[in-house]
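Take a look at the structure set out below.
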Amino acid sequence: MRFLLFLISYGIAVISCSNLVLFLNFLSLGYSLDSVLVYMLRSKEFIILCSALLTLTIIVFYRGPLRLPS
């Protein structure tokens, strides 16, 4: 279960990060870097990326119950 949650949150993090990189194409349309960064920080993809990275951090660093060999 933990491995499946890791894979799902990793996939969501990759997809949302790639969408944020695609927003950088607005620079070629003449928008300033400040306005593009503000737009990126206010987008839903940024919130999804933060939540996916938080989930990944919790999954990797949280120690589960200790299973002793029987």
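Order determines the names: the first chain of the structure tokens is A, the second B, and so forth; residues in each chain are numbered 1 upward, and ligands are numbered 1 upward as they are shown.
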List the neighbours of region 17-31 of chain A out to 9 Å using only C-alpha atoms; skip same-chain residues closer than 5 positions along the sequence, and give me the result as a ChimeraX atom specification.
/A:12,36-37,39-40,43,45-46,49
Extract the full set of helix (DSSP H, G or I) residues from chain A according to DSSP on the backbone, and format it as a PyMOL selection string.
chain A and resi 2-29+33-42+44-61
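Going from CA of Pro65 (chain A) over to CA of Ile8 (chain A), you cover 21.9 Å.
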